[in-house]
$ cat structure_8.txt   # compact mmCIF, C-alpha atoms and all ligand atoms
# COMPACT_ATOMS: atom_id res chain seq x y z
CA MET U 1 106.45 79.96 86.50
CA ARG U 2 108.33 83.18 85.69
CA LYS U 3 110.42 83.10 82.52
CA PRO U 4 113.97 84.31 83.19
CA LEU U 5 114.95 87.72 81.83
CA ILE U 6 118.56 88.71 81.16
CA TYR U 7 118.91 92.43 80.44
CA GLY U 8 122.06 94.25 79.37
CA ASN U 9 122.59 97.85 80.43
CA TRP U 10 125.15 99.32 78.03
CA LYS U 11 125.30 102.61 79.97
CA MET U 12 127.27 105.41 78.21
CA ASN U 13 129.85 103.12 76.63
CA LEU U 14 129.14 102.70 72.93
CA ASN U 15 128.48 105.07 70.05
CA MET U 16 125.87 104.22 67.44
CA GLN U 17 128.19 102.17 65.24
CA GLU U 18 129.61 100.29 68.22
CA SER U 19 126.06 99.56 69.44
CA ALA U 20 125.12 98.31 65.97
CA ASP U 21 128.20 96.06 65.92
CA LEU U 22 127.44 94.68 69.39
CA ILE U 23 123.82 93.85 68.60
CA ALA U 24 124.90 92.22 65.32
CA SER U 25 127.38 90.02 67.22
CA MET U 26 124.75 89.17 69.82
CA LEU U 27 122.24 88.14 67.18
CA SER U 28 124.73 85.71 65.71
CA ILE U 29 124.82 83.74 68.98
CA LYS U 30 122.67 80.62 69.25
CA ILE U 31 120.00 81.18 71.88
CA ASP U 32 116.93 79.17 72.82
CA TYR U 33 114.38 81.98 72.99
CA THR U 34 111.77 79.66 74.50
CA LYS U 35 113.85 79.41 77.69
CA VAL U 36 114.81 83.01 78.33
CA ASP U 37 113.75 86.57 77.56
CA ILE U 38 116.48 89.03 76.62
CA GLY U 39 116.81 92.78 76.53
CA VAL U 40 119.39 95.46 75.89
CA ALA U 41 119.46 99.10 76.94
CA PRO U 42 121.65 101.20 74.62
CA ASP U 43 122.11 104.97 74.90
CA PHE U 44 119.35 107.22 73.51
CA CYS U 45 121.23 107.90 70.24
CA SER U 46 121.50 104.19 69.43
CA LEU U 47 117.98 103.09 70.43
CA ALA U 48 116.40 103.30 66.97
CA LYS U 49 119.34 101.64 65.24
CA VAL U 50 119.42 98.74 67.70
CA ALA U 51 115.62 98.35 67.70
CA ASP U 52 115.50 98.41 63.86
CA THR U 53 118.24 95.80 63.59
CA ILE U 54 116.50 93.47 66.04
CA ARG U 55 113.01 93.88 64.55
CA SER U 56 114.16 93.69 60.91
CA MET U 57 115.77 90.33 61.67
CA GLY U 58 112.58 89.14 63.36
CA TYR U 59 113.95 88.72 66.89
CA ASP U 60 111.86 89.20 70.00
CA ILE U 61 114.41 91.04 72.13
CA SER U 62 113.41 93.93 74.34
CA VAL U 63 115.03 97.31 73.75
CA GLY U 64 115.14 99.72 76.65
CA ALA U 65 116.15 103.30 77.31
CA GLN U 66 118.23 104.03 80.40
CA ASN U 67 116.16 107.03 81.55
CA ILE U 68 113.18 109.19 80.60
CA SER U 69 111.72 112.56 81.42
CA VAL U 70 108.78 112.89 83.79
CA GLU U 71 107.39 115.46 81.34
CA GLU U 72 105.29 114.62 78.29
CA LYS U 73 106.36 117.43 75.93
CA GLY U 74 107.54 121.03 75.80
CA ALA U 75 110.37 123.36 76.72
CA PHE U 76 112.63 120.90 78.56
CA THR U 77 115.92 121.15 76.69
CA GLY U 78 117.92 117.97 76.77
CA GLU U 79 115.11 115.76 78.04
CA VAL U 80 113.67 112.71 76.26
CA SER U 81 110.01 111.78 76.77
CA ALA U 82 108.46 108.34 77.09
CA ASP U 83 106.69 108.85 73.77
CA MET U 84 110.02 109.67 72.07
CA VAL U 85 111.54 106.50 73.47
CA LEU U 86 108.58 104.45 72.21
CA SER U 87 108.87 106.05 68.77
CA THR U 88 112.38 104.59 68.37
CA GLY U 89 110.95 101.07 68.60
CA ALA U 90 112.06 100.61 72.21
CA ASP U 91 109.55 99.04 74.60
CA THR U 92 111.14 99.49 78.03
CA VAL U 93 112.89 102.00 80.24
CA ILE U 94 115.24 101.47 83.17
CA VAL U 95 114.25 103.82 85.99
CA GLY U 96 116.05 104.61 89.22
CA HIS U 97 119.41 103.02 88.42
CA SER U 98 121.80 103.67 91.29
CA GLU U 99 123.98 105.84 89.03
CA ARG U 100 120.94 108.09 88.39
CA ARG U 101 120.19 108.14 92.10
CA ALA U 102 123.79 108.83 93.19
CA ILE U 103 125.25 111.02 90.42
CA TYR U 104 122.11 112.88 89.28
CA LYS U 105 120.50 112.95 92.72
CA GLU U 106 117.23 111.44 91.52
CA THR U 107 114.87 111.11 94.46
CA ASN U 108 112.34 108.37 95.09
CA LYS U 109 109.63 110.92 94.27
CA GLU U 110 111.13 111.69 90.84
CA ILE U 111 111.69 108.02 90.21
CA ASN U 112 108.03 107.37 90.99
CA ALA U 113 107.05 110.15 88.54
CA LYS U 114 109.22 108.51 85.86
CA VAL U 115 107.70 105.09 86.52
CA ARG U 116 104.22 106.57 86.15
CA ALA U 117 105.14 108.56 83.03
CA ALA U 118 106.50 105.41 81.42
CA LEU U 119 103.47 103.27 82.30
CA ARG U 120 101.04 106.00 81.19
CA ASN U 121 102.74 105.83 77.78
CA ASN U 122 102.71 102.04 77.65
CA LEU U 123 106.43 101.60 78.16
CA LYS U 124 107.56 98.70 80.33
CA VAL U 125 109.65 99.65 83.35
CA ILE U 126 112.65 98.10 85.07
CA LEU U 127 112.66 99.78 88.47
CA CYS U 128 116.10 99.56 90.10
CA VAL U 129 116.48 99.50 93.87
CA GLY U 130 119.41 98.72 96.12
CA GLU U 131 121.21 99.66 99.29
CA SER U 132 124.59 101.33 99.69
CA LEU U 133 127.47 99.70 101.55
CA GLU U 134 126.82 101.96 104.57
CA GLU U 135 123.17 100.90 104.61
CA ARG U 136 124.13 97.20 104.43
CA GLU U 137 126.67 97.63 107.22
CA ALA U 138 124.07 99.44 109.33
CA SER U 139 121.69 96.47 108.82
CA VAL U 140 119.11 98.59 107.04
CA ALA U 141 119.49 97.02 103.58
CA LYS U 142 116.04 95.47 103.56
CA ASP U 143 114.31 98.57 104.93
CA THR U 144 116.04 100.75 102.35
CA VAL U 145 115.11 98.51 99.45
CA LEU U 146 111.49 98.05 100.49
CA TYR U 147 111.12 101.80 100.96
CA GLN U 148 112.46 102.34 97.43
CA VAL U 149 110.04 99.73 96.05
CA GLY U 150 107.07 101.28 97.90
CA MET U 151 107.95 104.82 96.84
CA GLY U 152 108.83 103.84 93.26
CA LEU U 153 105.51 102.09 92.73
CA HIS U 154 103.37 104.51 94.73
CA GLY U 155 100.05 105.10 92.96
CA VAL U 156 100.69 102.50 90.27
CA ASN U 157 97.51 100.67 89.34
CA MET U 158 97.76 96.91 89.79
CA ASP U 159 96.57 96.44 86.18
CA ARG U 160 99.84 98.02 85.06
CA MET U 161 102.07 95.79 87.15
CA ASN U 162 102.40 93.34 84.24
CA LYS U 163 104.65 95.99 82.70
CA VAL U 164 106.92 96.28 85.74
CA THR U 165 110.12 94.40 86.53
CA ILE U 166 112.15 95.11 89.66
CA ALA U 167 115.95 94.98 89.62
CA TYR U 168 117.62 94.55 93.00
CA GLU U 169 121.12 95.95 92.63
CA PRO U 170 123.13 96.43 95.80
CA VAL U 171 125.11 99.58 95.04
CA TRP U 172 128.34 98.11 96.47
CA ALA U 173 128.15 95.26 93.95
CA ILE U 174 127.76 97.35 90.78
CA GLY U 175 130.88 97.38 88.65
CA THR U 176 133.02 96.36 91.62
CA GLY U 177 133.44 92.64 91.00
CA LYS U 178 131.70 91.98 94.35
CA THR U 179 128.42 90.07 94.20
CA ALA U 180 125.88 89.47 96.92
CA THR U 181 125.86 85.79 97.82
CA PRO U 182 122.92 83.97 96.25
CA ALA U 183 121.50 83.50 99.77
CA ASP U 184 121.76 87.22 100.62
CA ALA U 185 120.24 88.21 97.28
CA GLU U 186 117.43 85.68 97.67
CA GLU U 187 116.58 87.04 101.11
CA ILE U 188 116.09 90.54 99.70
CA HIS U 189 114.26 89.26 96.60
CA ALA U 190 111.85 87.28 98.78
CA SER U 191 111.16 90.33 100.94
CA ILE U 192 110.56 92.45 97.82
CA ARG U 193 108.02 89.89 96.63
CA ALA U 194 106.34 89.86 100.05
CA HIS U 195 106.16 93.66 99.89
CA LEU U 196 104.66 93.54 96.39
CA SER U 197 102.13 91.08 97.72
CA LYS U 198 101.12 93.55 100.43
CA MET U 199 100.85 96.34 97.85
CA PHE U 200 99.17 94.50 94.97
CA GLY U 201 98.13 91.07 96.24
CA PRO U 202 99.81 87.68 95.84
CA VAL U 203 98.63 86.97 92.29
CA VAL U 204 100.29 90.12 90.93
CA ALA U 205 103.35 89.72 93.17
CA ASN U 206 103.98 86.19 91.95
CA LYS U 207 104.08 87.32 88.35
CA VAL U 208 106.54 90.21 88.77
CA ARG U 209 110.08 89.35 87.72
CA ILE U 210 112.76 90.43 90.17
CA LEU U 211 116.21 90.63 88.58
CA TYR U 212 119.51 90.67 90.43
CA GLY U 213 122.20 93.10 89.32
CA GLY U 214 125.77 93.71 90.46
CA SER U 215 128.81 92.10 88.84
CA VAL U 216 126.83 89.22 87.34
CA LYS U 217 129.26 87.09 85.30
CA PRO U 218 129.13 83.70 83.56
CA ASP U 219 130.72 82.06 86.61
CA ASN U 220 128.17 83.30 89.17
CA VAL U 221 124.94 83.52 87.17
CA SER U 222 123.79 79.91 87.58
CA ALA U 223 124.04 79.93 91.38
CA LEU U 224 122.00 83.14 91.50
CA MET U 225 119.41 81.87 89.03
CA MET U 226 118.81 78.71 91.05
CA ARG U 227 117.17 80.74 93.80
CA GLU U 228 113.39 80.81 93.93
CA ASN U 229 112.88 84.57 93.74
CA ILE U 230 115.75 85.49 91.41
CA ASP U 231 114.15 85.70 87.99
CA GLY U 232 117.00 87.07 85.93
CA ALA U 233 119.81 89.56 85.83
CA LEU U 234 120.44 93.19 84.96
CA VAL U 235 123.97 93.17 83.62
CA GLY U 236 126.33 96.09 83.11
CA GLY U 237 129.97 95.35 82.27
CA ALA U 238 129.45 91.76 81.13
CA SER U 239 126.80 92.82 78.60
CA LEU U 240 129.35 94.77 76.54
CA ASP U 241 130.94 91.63 75.14
CA ALA U 242 128.67 89.49 72.96
CA THR U 243 130.36 86.18 73.84
CA THR U 244 130.22 86.85 77.59
CA PHE U 245 126.64 88.10 77.42
CA GLY U 246 125.75 85.05 75.34
CA LYS U 247 127.10 82.82 78.11
CA LEU U 248 124.90 84.64 80.62
CA ILE U 249 121.84 84.29 78.40
CA ASN U 250 122.54 80.59 77.93
CA PHE U 251 123.07 80.05 81.67
CA ASN U 252 120.73 77.05 81.72
CA SER U 253 121.73 75.42 78.41
C1 LIG V 1 124.39 97.78 86.46
O1 LIG V 1 124.95 98.84 86.28
O2 LIG V 1 123.15 97.71 86.39
C2 LIG V 1 125.22 96.63 86.76
C3 LIG V 1 124.66 95.60 87.32
O3 LIG V 1 126.55 96.72 86.42
P1 LIG V 1 127.67 95.55 86.56
O4 LIG V 1 127.05 94.29 86.00
O5 LIG V 1 128.81 96.04 85.74
O6 LIG V 1 127.97 95.43 88.00

$ encode --input "structure_8.txt" --output "structure tokens" --more "lines below"
Ligand code: PEP
Amino acid sequence: MRKPLIYGNWKMNLNMQESADLIASMLSIKIDYTKVDIGVAPDFCSLAKVADTIRSMGYDISVGAQNISVEEKGAFTGEVSADMVLSTGADTVIVGHSERRAIYKETNKEINAKVRAALRNNLKVILCVGESLEEREASVAKDTVLYQVGMGLHGVNMDRMNKVTIAYEPVWAIGTGKTATPADAEEIHASIRAHLSKMFGPVVANKVRILYGGSVKPDNVSALMMRENIDGALVGGASLDATTFGKLINFNS
């Protein structure tokens, strides 16, 4: 049985004080932590503040960065290493988000290098995959996604797969208000799990959480979460409001 995970991606929306205010509001919401795991991914500047607030109040909530460098250390101005992320108190990094792929032209090869850099440094990884609208319309959604999964996890040792979560986020559903139907999402999630099974064996594949992302809201979360292979959600817009995010977290209460 995979425990659901609801993860908020705050993107580049909040400064440090606003991040501190949002986490404080979130922590005031009543949540049954035995039923669901939770995480938030603030910007780099707010990671330590958010992680400190969570840990000092004794909560077990994951804190994730939204990106990392493939490099370990050195003359790479503007980059942030996996070790630096860990030193803030964060435990996770989101890799391969569609905005990184589309705007910053991150390739599957770079994304794989980031996944491996994170795992080498003991950071957990949320690997994002998803097809564009053109790819869906050309009926190559599944092929695209499975290729991204295979490339993203290339060379990853199966012993490290307990630190990996996959987020299936159809690009056309991110921030657009459009969601894949639960049946369409489940079909892709099931094929991702079958692919993981081919790569790492069924025991590992059955333990990996596969999140859905793309305009997840309180009114569509339950239908998605009822599906066998949908183990949680990666949430953008709706994670920026504590009450709304709280409703998502408490989807089964
Ligand atoms: C995301 O960016 O990962 C995302 C799912 O965004 P939204 O929930 O706003 O569609």

$ atom_distance --input "structure_8.txt" --atom1 "atom CA of U:Asp91" --atom2 "atom CA of U:Ser253"
26.8 Å

$ residues_near_ligand --input "structure_8.txt" --ligand "ligand LIG 1 (chain V)" --cutoff "7 Å" --atoms "all atoms listed in the file" --output "NGL selection string"
:U and (9 or 97 or 169 or 173-177 or 213-216 or 234-238)

$ closest_residue --input "structure_8.txt" --among "U:Lys217, U:Ile94, U:Lys49, U:Asp143" --to "U:Thr243" --atoms "only C-alpha atoms"
U:Lys217

$ closest_residue --input "structure_8.txt" --among "U:Ser191, U:Asn112, U:Asn162, U:Thr179" --to "U:Leu146" --atoms "all atoms listed in the file"
U:Ser191

$ residues_near_point --input "structure_8.txt" --point "(120.3, 84.9, 98.3)" --cutoff "10 Å" --atoms "all atoms listed in the file" --output "PyMOL selection string"
chain U and resi 180-190+212+223-230

$ residues_near_point --input "structure_8.txt" --point "(118.2, 97.7, 103.6)" --cutoff "12 Å" --atoms "only C-alpha atoms" --output "PyMOL selection string"
chain U and resi 129-149+168-171+184-185+187-189+191-192

$ write_last_selection --input "structure_8.txt" --atoms "C-alpha atoms" --output "PDB file, in the coordinates of the input"
ATOM      1  CA  VAL U 129     116.480  99.500  93.870  1.00  0.00           C
ATOM      2  CA  GLY U 130     119.410  98.720  96.120  1.00  0.00           C
ATOM      3  CA  GLU U 131     121.210  99.660  99.290  1.00  0.00           C
ATOM      4  CA  SER U 132     124.590 101.330  99.690  1.00  0.00           C
ATOM      5  CA  LEU U 133     127.470  99.700 101.550  1.00  0.00           C
ATOM      6  CA  GLU U 134     126.820 101.960 104.570  1.00  0.00           C
ATOM      7  CA  GLU U 135     123.170 100.900 104.610  1.00  0.00           C
ATOM      8  CA  ARG U 136     124.130  97.200 104.430  1.00  0.00           C
ATOM      9  CA  GLU U 137     126.670  97.630 107.220  1.00  0.00           C
ATOM     10  CA  ALA U 138     124.070  99.440 109.330  1.00  0.00           C
ATOM     11  CA  SER U 139     121.690  96.470 108.820  1.00  0.00           C
ATOM     12  CA  VAL U 140     119.110  98.590 107.040  1.00  0.00           C
ATOM     13  CA  ALA U 141     119.490  97.020 103.580  1.00  0.00           C
ATOM     14  CA  LYS U 142     116.040  95.470 103.560  1.00  0.00           C
ATOM     15  CA  ASP U 143     114.310  98.570 104.930  1.00  0.00           C
ATOM     16  CA  THR U 144     116.040 100.750 102.350  1.00  0.00           C
ATOM     17  CA  VAL U 145     115.110  98.510  99.450  1.00  0.00           C
ATOM     18  CA  LEU U 146     111.490  98.050 100.490  1.00  0.00           C
ATOM     19  CA  TYR U 147     111.120 101.800 100.960  1.00  0.00           C
ATOM     20  CA  GLN U 148     112.460 102.340  97.430  1.00  0.00           C
ATOM     21  CA  VAL U 149     110.040  99.730  96.050  1.00  0.00           C
ATOM     22  CA  TYR U 168     117.620  94.550  93.000  1.00  0.00           C
ATOM     23  CA  GLU U 169     121.120  95.950  92.630  1.00  0.00           C
ATOM     24  CA  PRO U 170     123.130  96.430  95.800  1.00  0.00           C
ATOM     25  CA  VAL U 171     125.110  99.580  95.040  1.00  0.00           C
ATOM     26  CA  ASP U 184     121.760  87.220 100.620  1.00  0.00           C
ATOM     27  CA  ALA U 185     120.240  88.210  97.280  1.00  0.00           C
ATOM     28  CA  GLU U 187     116.580  87.040 101.110  1.00  0.00           C
ATOM     29  CA  ILE U 188     116.090  90.540  99.700  1.00  0.00           C
ATOM     30  CA  HIS U 189     114.260  89.260  96.600  1.00  0.00           C
ATOM     31  CA  SER U 191     111.160  90.330 100.940  1.00  0.00           C
ATOM     32  CA  ILE U 192     110.560  92.450  97.820  1.00  0.00           C
TER      33      ILE U 192
END

$ closest_residue --input "structure_8.txt" --among "U:Ile111, U:Asp43, U:Arg120, U:Thr92" --to "U:Glu72" --atoms "all atoms listed in the file"
U:Arg120

$ residues_around --input "structure_8.txt" --residues "U:Asp241" --least-positions-apart "4" --cutoff "9 Å" --atoms "all atoms listed in the file" --output "VMD selection string"
chain U and resid 22 25 to 26 237 245 to 246

$ atom_distance --input "structure_8.txt" --atom1 "atom CA of U:Ala82" --atom2 "atom CA of U:Val50"
17.3 Å

$ closest_residue --input "structure_8.txt" --among "U:Thr165, U:Thr34, U:Asn108, U:Thr244" --to "U:Val93" --atoms "all atoms listed in the file"
U:Thr165

$ closest_residue --input "structure_8.txt" --among "U:Ala51, U:Leu248, U:Val70, U:Val221" --to "U:Leu86" --atoms "only C-alpha atoms"
U:Ala51

$ closest_residue --input "structure_8.txt" --among "U:Asn67, U:Leu5, U:Gly78, U:Ala242" --to "U:Asp21" --atoms "all atoms listed in the file"
U:Ala242

$ residues_around --input "structure_8.txt" --residues "U:Asn13" --least-positions-apart "3" --cutoff "9 Å" --atoms "only C-alpha atoms" --output "ChimeraX atom specification"
/U:10,18-19,42-43,240

$ axis_aligned_box --input "structure_8.txt" --around "stretch 97-109 of chain U" --padding-each-side "3 Å" --output "AutoDock Vina command-line options"
--center_x 117.4 --center_y 108.0 --center_z 91.7 --size_x 21.6 --size_y 15.9 --size_z 12.7

$ residues_around --input "structure_8.txt" --residues "U:Ala167" --least-positions-apart "5" --cutoff "6 Å" --atoms "all atoms listed in the file" --output "list in words"
Leu127, Cys128, Ile210, Leu211 and Tyr212 of chain U

$ write_last_selection --input "structure_8.txt" --atoms "C-alpha atoms" --output "compact mmCIF listing (two decimals), keeping the file's coordinate frame"
# COMPACT_ATOMS: atom_id res chain seq x y z
CA LEU U 127 112.66 99.78 88.47
CA CYS U 128 116.10 99.56 90.10
CA ILE U 210 112.76 90.43 90.17
CA LEU U 211 116.21 90.63 88.58
CA TYR U 212 119.51 90.67 90.43

$ atom_distance --input "structure_8.txt" --atom1 "atom CA of U:Asn121" --atom2 "atom CA of U:Asp83"
6.4 Å

$ residues_around --input "structure_8.txt" --residues "U:Glu71" --least-positions-apart "2" --cutoff "7 Å" --atoms "only C-alpha atoms" --output "list of chain:residue names"
U:Ser69, U:Lys73, U:Ser81

$ decode --input "structure_8.txt" --residues "stretch 62-73 of chain U" --atoms "all heavy atoms" --output "PDB file, in the first residue's frame"
ATOM      1  N   SER U  62       8.002  17.171   4.019  1.00  0.00           N
ATOM      2  CA  SER U  62       9.166  17.245   3.142  1.00  0.00           C
ATOM      3  C   SER U  62       9.352  18.672   2.617  1.00  0.00           C
ATOM      4  O   SER U  62       8.382  19.387   2.361  1.00  0.00           O
ATOM      5  CB  SER U  62       8.965  16.283   1.971  1.00  0.00           C
ATOM      6  OG  SER U  62       9.947  16.499   0.986  1.00  0.00           O
ATOM      7  N   VAL U  63      10.611  19.053   2.470  1.00  0.00           N
ATOM      8  CA  VAL U  63      10.927  20.351   1.860  1.00  0.00           C
ATOM      9  C   VAL U  63      11.800  20.078   0.640  1.00  0.00           C
ATOM     10  O   VAL U  63      12.808  19.362   0.736  1.00  0.00           O
ATOM     11  CB  VAL U  63      11.659  21.274   2.852  1.00  0.00           C
ATOM     12  CG1 VAL U  63      12.018  22.604   2.184  1.00  0.00           C
ATOM     13  CG2 VAL U  63      10.790  21.516   4.083  1.00  0.00           C
ATOM     14  N   GLY U  64      11.394  20.616  -0.487  1.00  0.00           N
ATOM     15  CA  GLY U  64      12.112  20.324  -1.725  1.00  0.00           C
ATOM     16  C   GLY U  64      12.563  21.581  -2.443  1.00  0.00           C
ATOM     17  O   GLY U  64      11.888  22.610  -2.414  1.00  0.00           O
ATOM     18  N   ALA U  65      13.715  21.462  -3.113  1.00  0.00           N
ATOM     19  CA  ALA U  65      14.140  22.511  -4.040  1.00  0.00           C
ATOM     20  C   ALA U  65      13.465  22.251  -5.384  1.00  0.00           C
ATOM     21  O   ALA U  65      12.926  21.162  -5.616  1.00  0.00           O
ATOM     22  CB  ALA U  65      15.651  22.482  -4.195  1.00  0.00           C
ATOM     23  N   GLN U  66      13.490  23.239  -6.241  1.00  0.00           N
ATOM     24  CA  GLN U  66      12.813  23.109  -7.549  1.00  0.00           C
ATOM     25  C   GLN U  66      13.790  22.773  -8.671  1.00  0.00           C
ATOM     26  O   GLN U  66      13.380  22.606  -9.820  1.00  0.00           O
ATOM     27  CB  GLN U  66      12.079  24.409  -7.873  1.00  0.00           C
ATOM     28  CG  GLN U  66      11.024  24.778  -6.852  1.00  0.00           C
ATOM     29  CD  GLN U  66      10.486  26.186  -7.060  1.00  0.00           C
ATOM     30  OE1 GLN U  66      10.642  26.783  -8.123  1.00  0.00           O
ATOM     31  NE2 GLN U  66       9.854  26.726  -6.027  1.00  0.00           N
ATOM     32  N   ASN U  67      15.096  22.692  -8.320  1.00  0.00           N
ATOM     33  CA  ASN U  67      16.121  22.458  -9.324  1.00  0.00           C
ATOM     34  C   ASN U  67      17.441  22.248  -8.587  1.00  0.00           C
ATOM     35  O   ASN U  67      17.558  22.655  -7.428  1.00  0.00           O
ATOM     36  CB  ASN U  67      16.226  23.702 -10.229  1.00  0.00           C
ATOM     37  CG  ASN U  67      17.186  23.525 -11.393  1.00  0.00           C
ATOM     38  OD1 ASN U  67      17.452  22.415 -11.846  1.00  0.00           O
ATOM     39  ND2 ASN U  67      17.717  24.631 -11.881  1.00  0.00           N
ATOM     40  N   ILE U  68      18.413  21.619  -9.227  1.00  0.00           N
ATOM     41  CA  ILE U  68      19.782  21.620  -8.695  1.00  0.00           C
ATOM     42  C   ILE U  68      20.753  21.597  -9.856  1.00  0.00           C
ATOM     43  O   ILE U  68      20.383  21.285 -10.990  1.00  0.00           O
ATOM     44  CB  ILE U  68      20.132  20.400  -7.798  1.00  0.00           C
ATOM     45  CG1 ILE U  68      19.775  19.090  -8.490  1.00  0.00           C
ATOM     46  CG2 ILE U  68      19.628  20.524  -6.415  1.00  0.00           C
ATOM     47  CD1 ILE U  68      20.539  17.912  -7.912  1.00  0.00           C
ATOM     48  N   SER U  69      22.019  21.844  -9.505  1.00  0.00           N
ATOM     49  CA  SER U  69      23.088  21.750 -10.494  1.00  0.00           C
ATOM     50  C   SER U  69      23.506  20.292 -10.664  1.00  0.00           C
ATOM     51  O   SER U  69      23.373  19.500  -9.729  1.00  0.00           O
ATOM     52  CB  SER U  69      24.280  22.563  -9.996  1.00  0.00           C
ATOM     53  OG  SER U  69      25.389  22.347 -10.829  1.00  0.00           O
ATOM     54  N   VAL U  70      24.027  19.965 -11.825  1.00  0.00           N
ATOM     55  CA  VAL U  70      24.611  18.628 -12.008  1.00  0.00           C
ATOM     56  C   VAL U  70      26.006  18.594 -11.388  1.00  0.00           C
ATOM     57  O   VAL U  70      26.573  17.524 -11.184  1.00  0.00           O
ATOM     58  CB  VAL U  70      24.723  18.226 -13.498  1.00  0.00           C
ATOM     59  CG1 VAL U  70      23.358  18.191 -14.144  1.00  0.00           C
ATOM     60  CG2 VAL U  70      25.653  19.163 -14.271  1.00  0.00           C
ATOM     61  N   GLU U  71      26.570  19.782 -11.132  1.00  0.00           N
ATOM     62  CA  GLU U  71      27.942  19.857 -10.619  1.00  0.00           C
ATOM     63  C   GLU U  71      27.952  19.751  -9.098  1.00  0.00           C
ATOM     64  O   GLU U  71      26.984  20.099  -8.438  1.00  0.00           O
ATOM     65  CB  GLU U  71      28.586  21.202 -11.023  1.00  0.00           C
ATOM     66  CG  GLU U  71      28.540  21.495 -12.509  1.00  0.00           C
ATOM     67  CD  GLU U  71      29.420  20.555 -13.334  1.00  0.00           C
ATOM     68  OE1 GLU U  71      30.252  19.835 -12.741  1.00  0.00           O
ATOM     69  OE2 GLU U  71      29.254  20.540 -14.569  1.00  0.00           O
ATOM     70  N   GLU U  72      29.092  19.323  -8.561  1.00  0.00           N
ATOM     71  CA  GLU U  72      29.195  19.170  -7.096  1.00  0.00           C
ATOM     72  C   GLU U  72      29.650  20.465  -6.433  1.00  0.00           C
ATOM     73  O   GLU U  72      29.214  20.806  -5.340  1.00  0.00           O
ATOM     74  CB  GLU U  72      30.197  18.059  -6.746  1.00  0.00           C
ATOM     75  CG  GLU U  72      29.771  16.667  -7.215  1.00  0.00           C
ATOM     76  CD  GLU U  72      28.602  16.075  -6.417  1.00  0.00           C
ATOM     77  OE1 GLU U  72      28.399  16.479  -5.263  1.00  0.00           O
ATOM     78  OE2 GLU U  72      27.881  15.233  -6.978  1.00  0.00           O
ATOM     79  N   LYS U  73      30.576  21.178  -7.098  1.00  0.00           N
ATOM     80  CA  LYS U  73      31.207  22.351  -6.459  1.00  0.00           C
ATOM     81  C   LYS U  73      32.059  23.075  -7.502  1.00  0.00           C
ATOM     82  O   LYS U  73      32.496  22.458  -8.459  1.00  0.00           O
ATOM     83  CB  LYS U  73      32.163  21.805  -5.369  1.00  0.00           C
ATOM     84  CG  LYS U  73      32.567  22.759  -4.277  1.00  0.00           C
ATOM     85  CD  LYS U  73      33.517  22.038  -3.310  1.00  0.00           C
ATOM     86  CE  LYS U  73      33.829  22.855  -2.097  1.00  0.00           C
ATOM     87  NZ  LYS U  73      32.737  23.135  -1.187  1.00  0.00           N
TER      88      LYS U  73
END
